[in-house]
file input.cif (mmCIF, C-alpha atoms and all ligand atoms; chains and numbers go by the auth columns)
data_target
loop_
_atom_site.group_PDB
_atom_site.id
_atom_site.type_symbol
_atom_site.label_atom_id
_atom_site.label_comp_id
_atom_site.label_asym_id
_atom_site.label_seq_id
_atom_site.Cartn_x
_atom_site.Cartn_y
_atom_site.Cartn_z
_atom_site.B_iso_or_equiv
_atom_site.auth_seq_id
_atom_site.auth_asym_id
ATOM 1 C CA MET A 1 0.000 0.000 0.000 0.00 1323 A
ATOM 2 C CA THR A 2 1.435 3.382 -0.960 0.00 1324 A
ATOM 3 C CA ASN A 3 1.172 6.550 1.080 0.00 1325 A
ATOM 4 C CA PRO A 4 -1.361 9.083 -0.193 0.00 1326 A
ATOM 5 C CA PRO A 5 0.232 12.150 -1.835 0.00 1327 A
ATOM 6 C CA ILE A 6 0.862 15.045 0.539 0.00 1328 A
ATOM 7 C CA LYS A 7 -1.408 18.023 -0.100 0.00 1329 A
ATOM 8 C CA ARG A 8 0.984 20.876 0.438 0.00 1330 A
ATOM 9 C CA HIS A 9 -0.221 24.330 1.476 0.00 1331 A
ATOM 10 C CA GLU A 10 -0.322 26.605 -1.552 0.00 1332 A
ATOM 11 C CA ALA A 11 2.120 29.062 0.039 0.00 1333 A
ATOM 12 C CA LEU A 12 4.742 26.294 0.368 0.00 1334 A
ATOM 13 C CA GLN A 13 4.198 24.685 -3.021 0.00 1335 A
ATOM 14 C CA PRO A 14 6.958 26.660 -4.805 0.00 1336 A
ATOM 15 C CA PHE A 15 9.459 25.204 -2.335 0.00 1337 A
ATOM 16 C CA SER A 16 8.040 21.705 -2.822 0.00 1338 A
ATOM 17 C CA ARG A 17 8.240 21.997 -6.607 0.00 1339 A
ATOM 18 C CA GLU A 18 11.923 22.848 -6.303 0.00 1340 A
ATOM 19 C CA HIS A 19 12.378 19.853 -4.008 0.00 1341 A
ATOM 20 C CA LEU A 20 11.434 17.530 -6.879 0.00 1342 A
ATOM 21 C CA LEU A 21 14.488 18.509 -8.893 0.00 1343 A
ATOM 22 C CA GLY A 22 16.638 18.381 -5.755 0.00 1344 A
ATOM 23 C CA LEU A 23 15.536 14.800 -5.128 0.00 1345 A
ATOM 24 C CA SER A 24 16.336 13.891 -8.719 0.00 1346 A
ATOM 25 C CA VAL A 25 19.876 15.264 -8.373 0.00 1347 A
ATOM 26 C CA ALA A 26 20.263 13.531 -4.987 0.00 1348 A
ATOM 27 C CA ARG A 27 19.240 10.213 -6.576 0.00 1349 A
ATOM 28 C CA ASP A 28 21.898 10.639 -9.300 0.00 1350 A
ATOM 29 C CA LEU A 29 24.542 11.407 -6.691 0.00 1351 A
ATOM 30 C CA ARG A 30 23.638 8.376 -4.615 0.00 1352 A
ATOM 31 C CA GLN A 31 23.703 6.020 -7.596 0.00 1353 A
ATOM 32 C CA ALA A 32 26.763 7.527 -9.286 0.00 1354 A
ATOM 33 C CA PRO A 33 29.576 5.749 -7.402 0.00 1355 A
ATOM 34 C CA GLU A 34 28.177 2.364 -8.458 0.00 1356 A
ATOM 35 C CA ALA A 35 27.624 3.545 -12.023 0.00 1357 A
ATOM 36 C CA GLY A 36 31.214 4.563 -12.702 0.00 1358 A
ATOM 37 C CA ARG A 37 33.389 7.588 -13.115 0.00 1359 A
ATOM 38 C CA GLU A 38 31.467 9.186 -15.983 0.00 1360 A
ATOM 39 C CA ALA A 39 28.215 9.019 -14.007 0.00 1361 A
ATOM 40 C CA SER A 40 29.992 10.556 -11.023 0.00 1362 A
ATOM 41 C CA HIS A 41 31.247 13.467 -13.112 0.00 1363 A
ATOM 42 C CA GLU A 42 27.815 14.107 -14.537 0.00 1364 A
ATOM 43 C CA ALA A 43 26.078 13.875 -11.165 0.00 1365 A
ATOM 44 C CA VAL A 44 28.492 16.370 -9.611 0.00 1366 A
ATOM 45 C CA ASP A 45 28.159 18.748 -12.567 0.00 1367 A
ATOM 46 C CA ARG A 46 24.402 18.503 -12.291 0.00 1368 A
ATOM 47 C CA LEU A 47 24.565 19.350 -8.601 0.00 1369 A
ATOM 48 C CA LEU A 48 26.816 22.354 -9.243 0.00 1370 A
ATOM 49 C CA ARG A 49 24.424 23.655 -11.899 0.00 1371 A
ATOM 50 C CA LEU A 50 21.480 23.126 -9.555 0.00 1372 A
ATOM 51 C CA TRP A 51 23.322 24.990 -6.800 0.00 1373 A
ATOM 52 C CA GLY A 52 23.907 28.057 -8.941 0.00 1374 A
ATOM 53 C CA ASP A 53 20.547 28.062 -10.664 0.00 1375 A
ATOM 54 C CA GLU A 54 18.322 27.232 -7.764 0.00 1376 A
ATOM 55 C CA LEU A 55 19.528 25.564 -4.588 0.00 1377 A
ATOM 56 C CA GLN A 56 21.499 28.450 -3.124 0.00 1378 A
ATOM 57 C CA GLY A 57 18.533 30.786 -3.554 0.00 1379 A
ATOM 58 C CA HIS A 58 16.166 28.093 -2.306 0.00 1380 A
ATOM 59 C CA PHE A 59 18.111 27.737 0.959 0.00 1381 A
ATOM 60 C CA HIS A 60 18.298 31.497 1.340 0.00 1382 A
ATOM 61 C CA ASP A 61 14.547 31.919 0.796 0.00 1383 A
ATOM 62 C CA GLU A 62 13.674 29.096 3.199 0.00 1384 A
ATOM 63 C CA GLU A 63 15.748 30.704 5.926 0.00 1385 A
ATOM 64 C CA ARG A 64 14.459 34.201 5.148 0.00 1386 A
ATOM 65 C CA LEU A 65 10.782 33.272 4.917 0.00 1387 A
ATOM 66 C CA LEU A 66 10.321 30.214 7.115 0.00 1388 A
ATOM 67 C CA THR A 67 12.461 30.850 10.169 0.00 1389 A
ATOM 68 C CA PRO A 68 10.139 33.631 11.428 0.00 1390 A
ATOM 69 C CA ILE A 69 7.279 31.112 11.339 0.00 1391 A
ATOM 70 C CA ILE A 70 9.087 28.158 12.967 0.00 1392 A
ATOM 71 C CA ASP A 71 8.595 28.260 16.716 0.00 1393 A
ATOM 72 C CA ASP A 72 10.435 25.034 17.590 0.00 1394 A
ATOM 73 C CA PRO A 73 14.156 25.732 18.203 0.00 1395 A
ATOM 74 C CA ALA A 74 15.091 22.136 17.320 0.00 1396 A
ATOM 75 C CA LEU A 75 13.480 22.426 13.890 0.00 1397 A
ATOM 76 C CA LEU A 76 15.101 25.785 13.330 0.00 1398 A
ATOM 77 C CA LYS A 77 18.514 24.464 14.276 0.00 1399 A
ATOM 78 C CA ARG A 78 18.224 21.429 12.053 0.00 1400 A
ATOM 79 C CA LEU A 79 17.128 23.539 9.075 0.00 1401 A
ATOM 80 C CA THR A 80 20.087 25.890 9.258 0.00 1402 A
ATOM 81 C CA ASN A 81 22.617 23.189 10.221 0.00 1403 A
ATOM 82 C CA GLU A 82 21.682 21.028 7.250 0.00 1404 A
ATOM 83 C CA HIS A 83 21.786 23.966 4.855 0.00 1405 A
ATOM 84 C CA THR A 84 25.264 24.801 6.129 0.00 1406 A
ATOM 85 C CA HIS A 85 26.380 21.182 5.825 0.00 1407 A
ATOM 86 C CA ILE A 86 25.109 20.780 2.245 0.00 1408 A
ATOM 87 C CA ALA A 87 26.665 24.120 1.266 0.00 1409 A
ATOM 88 C CA ALA A 88 30.028 23.016 2.680 0.00 1410 A
ATOM 89 C CA LEU A 89 29.919 19.681 0.827 0.00 1411 A
ATOM 90 C CA THR A 90 28.966 21.494 -2.372 0.00 1412 A
ATOM 91 C CA THR A 91 31.941 23.815 -1.949 0.00 1413 A
ATOM 92 C CA GLU A 92 34.202 20.758 -1.589 0.00 1414 A
ATOM 93 C CA ALA A 93 32.765 19.299 -4.789 0.00 1415 A
ATOM 94 C CA ARG A 94 33.198 22.613 -6.619 0.00 1416 A
ATOM 95 C CA GLU A 95 36.810 22.872 -5.522 0.00 1417 A
ATOM 96 C CA ALA A 96 37.492 19.309 -6.693 0.00 1418 A
ATOM 97 C CA ARG A 97 35.839 20.221 -9.989 0.00 1419 A
ATOM 98 C CA ALA A 98 38.014 23.325 -10.310 0.00 1420 A
ATOM 99 C CA ARG A 99 41.141 21.221 -9.726 0.00 1421 A
ATOM 100 C CA ASN A 100 39.887 18.751 -12.295 0.00 1422 A
ATOM 101 C CA THR A 101 40.456 15.935 -9.865 0.00 1423 A
ATOM 102 C CA ALA A 102 38.356 12.803 -9.812 0.00 1424 A
ATOM 103 C CA PRO A 103 35.239 13.129 -7.681 0.00 1425 A
ATOM 104 C CA ASP A 104 35.571 11.286 -4.429 0.00 1426 A
ATOM 105 C CA ASP A 105 32.980 8.540 -3.956 0.00 1427 A
ATOM 106 C CA ALA A 106 32.576 9.250 -0.238 0.00 1428 A
ATOM 107 C CA LEU A 107 31.926 12.931 -0.943 0.00 1429 A
ATOM 108 C CA ILE A 108 29.421 12.137 -3.691 0.00 1430 A
ATOM 109 C CA ARG A 109 27.547 9.703 -1.459 0.00 1431 A
ATOM 110 C CA ALA A 110 27.582 12.166 1.440 0.00 1432 A
ATOM 111 C CA LEU A 111 26.163 14.882 -0.807 0.00 1433 A
ATOM 112 C CA GLY A 112 23.451 12.627 -2.201 0.00 1434 A
ATOM 113 C CA ASP A 113 22.437 11.371 1.233 0.00 1435 A
ATOM 114 C CA ALA A 114 22.506 14.830 2.823 0.00 1436 A
ATOM 115 C CA LEU A 115 20.396 16.385 0.070 0.00 1437 A
ATOM 116 C CA HIS A 116 17.928 13.498 -0.042 0.00 1438 A
ATOM 117 C CA ASP A 117 17.499 13.252 3.732 0.00 1439 A
ATOM 118 C CA HIS A 118 17.181 17.017 4.123 0.00 1440 A
ATOM 119 C CA ILE A 119 14.439 17.344 1.513 0.00 1441 A
ATOM 120 C CA ARG A 120 12.549 14.338 2.898 0.00 1442 A
ATOM 121 C CA TRP A 121 12.731 15.803 6.395 0.00 1443 A
ATOM 122 C CA GLU A 122 11.442 19.158 5.195 0.00 1444 A
ATOM 123 C CA GLU A 123 8.530 17.547 3.375 0.00 1445 A
ATOM 124 C CA ARG A 124 7.629 15.077 6.121 0.00 1446 A
ATOM 125 C CA VAL A 125 8.389 17.026 9.295 0.00 1447 A
ATOM 126 C CA LEU A 126 9.198 20.702 8.811 0.00 1448 A
ATOM 127 C CA PHE A 127 6.534 21.711 6.298 0.00 1449 A
ATOM 128 C CA PRO A 128 3.678 19.976 8.178 0.00 1450 A
ATOM 129 C CA ALA A 129 4.832 21.781 11.352 0.00 1451 A
ATOM 130 C CA ILE A 130 4.823 25.100 9.487 0.00 1452 A
ATOM 131 C CA GLU A 131 1.393 24.407 8.015 0.00 1453 A
ATOM 132 C CA HIS A 132 0.136 23.724 11.506 0.00 1454 A
ATOM 133 C CA ALA A 133 1.513 27.059 12.771 0.00 1455 A
ATOM 134 C CA LEU A 134 0.437 29.224 9.821 0.00 1456 A
ATOM 135 C CA THR A 135 -2.123 31.892 10.595 0.00 1457 A
ATOM 136 C CA PRO A 136 -4.201 33.158 7.652 0.00 1458 A
ATOM 137 C CA GLU A 137 -2.209 36.413 7.677 0.00 1459 A
ATOM 138 C CA ALA A 138 1.154 34.622 7.737 0.00 1460 A
ATOM 139 C CA ALA A 139 -0.007 32.262 4.981 0.00 1461 A
ATOM 140 C CA ALA A 140 -1.055 35.200 2.791 0.00 1462 A
ATOM 141 C CA SER A 141 2.257 36.961 3.333 0.00 1463 A
ATOM 142 C CA LEU A 142 4.284 33.794 2.716 0.00 1464 A
ATOM 143 C CA GLY A 143 2.242 33.046 -0.397 0.00 1465 A
ATOM 144 C CA ARG A 144 3.034 36.461 -1.885 0.00 1466 A
ATOM 145 C CA GLU A 145 6.753 35.925 -1.296 0.00 1467 A
ATOM 146 C CA THR A 146 6.943 32.368 -2.626 0.00 1468 A
ATOM 147 C CA ALA A 147 4.896 33.339 -5.681 0.00 1469 A
ATOM 148 C CA GLN A 148 7.568 35.928 -6.456 0.00 1470 A
ATOM 149 C CA PHE A 149 10.537 33.594 -6.452 0.00 1471 A
ATOM 150 C CA SER A 150 8.598 30.933 -8.299 0.00 1472 A
ATOM 151 C CA GLN A 151 8.437 33.445 -11.168 0.00 1473 A
ATOM 152 C CA THR A 152 12.195 33.623 -11.437 0.00 1474 A
ATOM 153 C CA ARG A 153 13.576 30.211 -10.579 0.00 1475 A
ATOM 154 C CA VAL A 154 13.298 26.731 -12.008 0.00 1476 A
ATOM 155 C CA GLY A 155 9.715 26.159 -10.953 0.00 1477 A
ATOM 156 C CA ALA A 156 8.657 28.781 -13.458 0.00 1478 A
ATOM 157 C CA ARG A 157 10.957 27.722 -16.290 0.00 1479 A
ATOM 158 C CA THR A 158 9.710 26.435 -19.574 0.00 1480 A
ATOM 159 C CA ALA A 159 10.035 22.743 -20.299 0.00 1481 A
ATOM 160 C CA ALA A 160 12.917 23.491 -22.694 0.00 1482 A
ATOM 161 C CA GLU A 161 14.795 25.440 -20.054 0.00 1483 A
ATOM 162 C CA ARG A 162 14.219 22.689 -17.519 0.00 1484 A
ATOM 163 C CA ARG A 163 15.670 20.126 -19.942 0.00 1485 A
ATOM 164 C CA THR A 164 18.770 22.286 -20.270 0.00 1486 A
ATOM 165 C CA LEU A 165 19.300 22.066 -16.535 0.00 1487 A
ATOM 166 C CA ASP A 166 18.854 18.307 -16.681 0.00 1488 A
ATOM 167 C CA GLU A 167 21.278 17.753 -19.532 0.00 1489 A
ATOM 168 C CA PRO A 168 24.741 16.413 -18.786 0.00 1490 A
ATOM 169 C CA CYS A 169 27.379 19.103 -18.524 0.00 1491 A
ATOM 170 C CA GLY A 170 28.794 20.124 -21.897 0.00 1492 A
ATOM 171 C CA THR A 171 32.357 20.323 -20.663 0.00 1493 A
ATOM 172 C CA ARG A 172 34.073 17.120 -19.675 0.00 1494 A
ATOM 173 C CA TRP A 173 36.115 16.458 -16.631 0.00 1495 A
ATOM 174 C CA ASP A 174 39.426 16.181 -18.381 0.00 1496 A
ATOM 175 C CA LEU A 175 41.048 13.419 -16.411 0.00 1497 A
ATOM 176 C CA PRO A 176 44.265 11.652 -17.246 0.00 1498 A
ATOM 177 C CA ALA A 177 44.198 7.880 -16.824 0.00 1499 A
ATOM 178 C CA SER A 178 45.159 7.372 -13.225 0.00 1500 A
ATOM 179 C CA SER A 179 47.247 4.588 -11.757 0.00 1501 A
ATOM 180 C CA GLN A 180 44.021 3.429 -10.128 0.00 1502 A
ATOM 181 C CA ASP A 181 42.387 3.048 -13.559 0.00 1503 A
ATOM 182 C CA ARG A 182 45.305 1.068 -14.905 0.00 1504 A
ATOM 183 C CA ALA A 183 45.251 -1.239 -11.898 0.00 1505 A
ATOM 184 C CA GLU A 184 41.616 -2.136 -12.485 0.00 1506 A
ATOM 185 C CA PRO A 185 41.002 -5.344 -14.438 0.00 1507 A
HETATM 186 FE FE FE B . 14.043 22.963 0.913 0.00 1601 A
#

call {"tool": "encode", "arguments": {"input": "input.cif", "output": "structure tokens", "more": "lines below"}}
Ligand SMILES: [Fe+2]
result
Amino acid sequence: MTNPPIKRHEALQPFSREHLLGLSVARDLRQAPEAGREASHEAVDRLLRLWGDELQGHFHDEERLLTPIIDDPALLKRLTNEHTHIAALTTEAREARARNTAPDDALIRALGDALHDHIRWEERVLFPAIEHALTPEAAASLGRETAQFSQTRVGARTAAERRTLDEPCGTRWDLPASSQDRAEP
């Protein structure tokens, strides 16, 4: 038996729409180490594109708009801690990318798990708690704000633009054959 779909409050739906793409990138990251080096490169590139196009702004908007509504300090702390953690891992991945070094499997897995678990927690725990606390006035105000960013970020993009974000990176990780590669059968 499957769980019924969550009916998200309209004011939070722009965040939830962005979560769908985040989960897709997290899935690629989690599967990439098993799928080989090329898949790892593409998953990391996809994450870095997502970060610049959407995720950084998404984190910023969640903290700006949701923290005034969250009255549980534990929820607040987890939200900001996990954003900080994912941002730090993304910086590590970006620096590896800039050095053109092979992506590290442990880092890729950690990124995929952190992103996946964070989004699931927001959808299953944080957003229901916010919905419970929302007054009609706060909901109206939040709805105006989230409608604004949904006009400018991925949630509002055309299908063609969305495909561009989903495409593998055009530039390759230019890696020399490593001693590790040569040692593999
Ligand atoms: Fe989120």

call {"tool": "residues_around", "arguments": {"input": "input.cif", "residues": "stretch 1382-1392 of chain A", "least_positions_apart": "6", "cutoff": "10 Å", "atoms": "only C-alpha atoms", "output": "list in words"}}
result
Leu1334, Phe1337, Leu1398, Lys1399, Leu1401, Thr1402, His1405, Leu1448, Phe1449, Ala1451, Ile1452, Glu1453, Ala1455, Leu1456, Thr1457, Ala1460, Ala1461, Ser1463, Leu1464, Glu1467, Thr1468 and Phe1471 of chain A

call {"tool": "write_last_selection", "arguments": {"input": "input.cif", "atoms": "C-alpha atoms", "output": "tab-separated table (two decimals), in the frame of the given file"}}
result
chain	number	residue	atom	x	y	z
A	1334	LEU	CA	4.74	26.29	0.37
A	1337	PHE	CA	9.46	25.20	-2.34
A	1398	LEU	CA	15.10	25.78	13.33
A	1399	LYS	CA	18.51	24.46	14.28
A	1401	LEU	CA	17.13	23.54	9.07
A	1402	THR	CA	20.09	25.89	9.26
A	1405	HIS	CA	21.79	23.97	4.86
A	1448	LEU	CA	9.20	20.70	8.81
A	1449	PHE	CA	6.53	21.71	6.30
A	1451	ALA	CA	4.83	21.78	11.35
A	1452	ILE	CA	4.82	25.10	9.49
A	1453	GLU	CA	1.39	24.41	8.02
A	1455	ALA	CA	1.51	27.06	12.77
A	1456	LEU	CA	0.44	29.22	9.82
A	1457	THR	CA	-2.12	31.89	10.60
A	1460	ALA	CA	1.15	34.62	7.74
A	1461	ALA	CA	-0.01	32.26	4.98
A	1463	SER	CA	2.26	36.96	3.33
A	1464	LEU	CA	4.28	33.79	2.72
A	1467	GLU	CA	6.75	35.92	-1.30
A	1468	THR	CA	6.94	32.37	-2.63
A	1471	PHE	CA	10.54	33.59	-6.45

call {"tool": "resolve_selection", "arguments": {"input": "input.cif", "expression": "the PyMOL selection byres (((not hetatm)) within 8 of (chain A and resi 1601))", "output": "count of residues only"}}
result
10

call {"tool": "atom_distance", "arguments": {"input": "input.cif", "atom1": "atom CA of A:Asp1375", "atom2": "atom CA of A:Arg1419"}}
result
17.2 Å

call {"tool": "resolve_selection", "arguments": {"input": "input.cif", "expression": "the PyMOL selection byres (((chain A and resi 1408) around 10) and not hetatm)", "output": "ChimeraX atom specification"}}
result
/A:1381,1403-1407,1409-1414,1432-1437,1440

call {"tool": "atom_distance", "arguments": {"input": "input.cif", "atom1": "atom CA of A:Glu1376", "atom2": "atom CA of A:His1438"}}
result
15.8 Å

call {"tool": "atom_distance", "arguments": {"input": "input.cif", "atom1": "atom CA of A:Ala1365", "atom2": "atom CA of A:Leu1351"}}
result
5.3 Å

call {"tool": "closest_residue", "arguments": {"input": "input.cif", "among": "A:Arg1416, A:Arg1400, A:Arg1339, A:His1331", "to": "A:Asp1367", "atoms": "all atoms listed in the file"}}
result
A:Arg1416
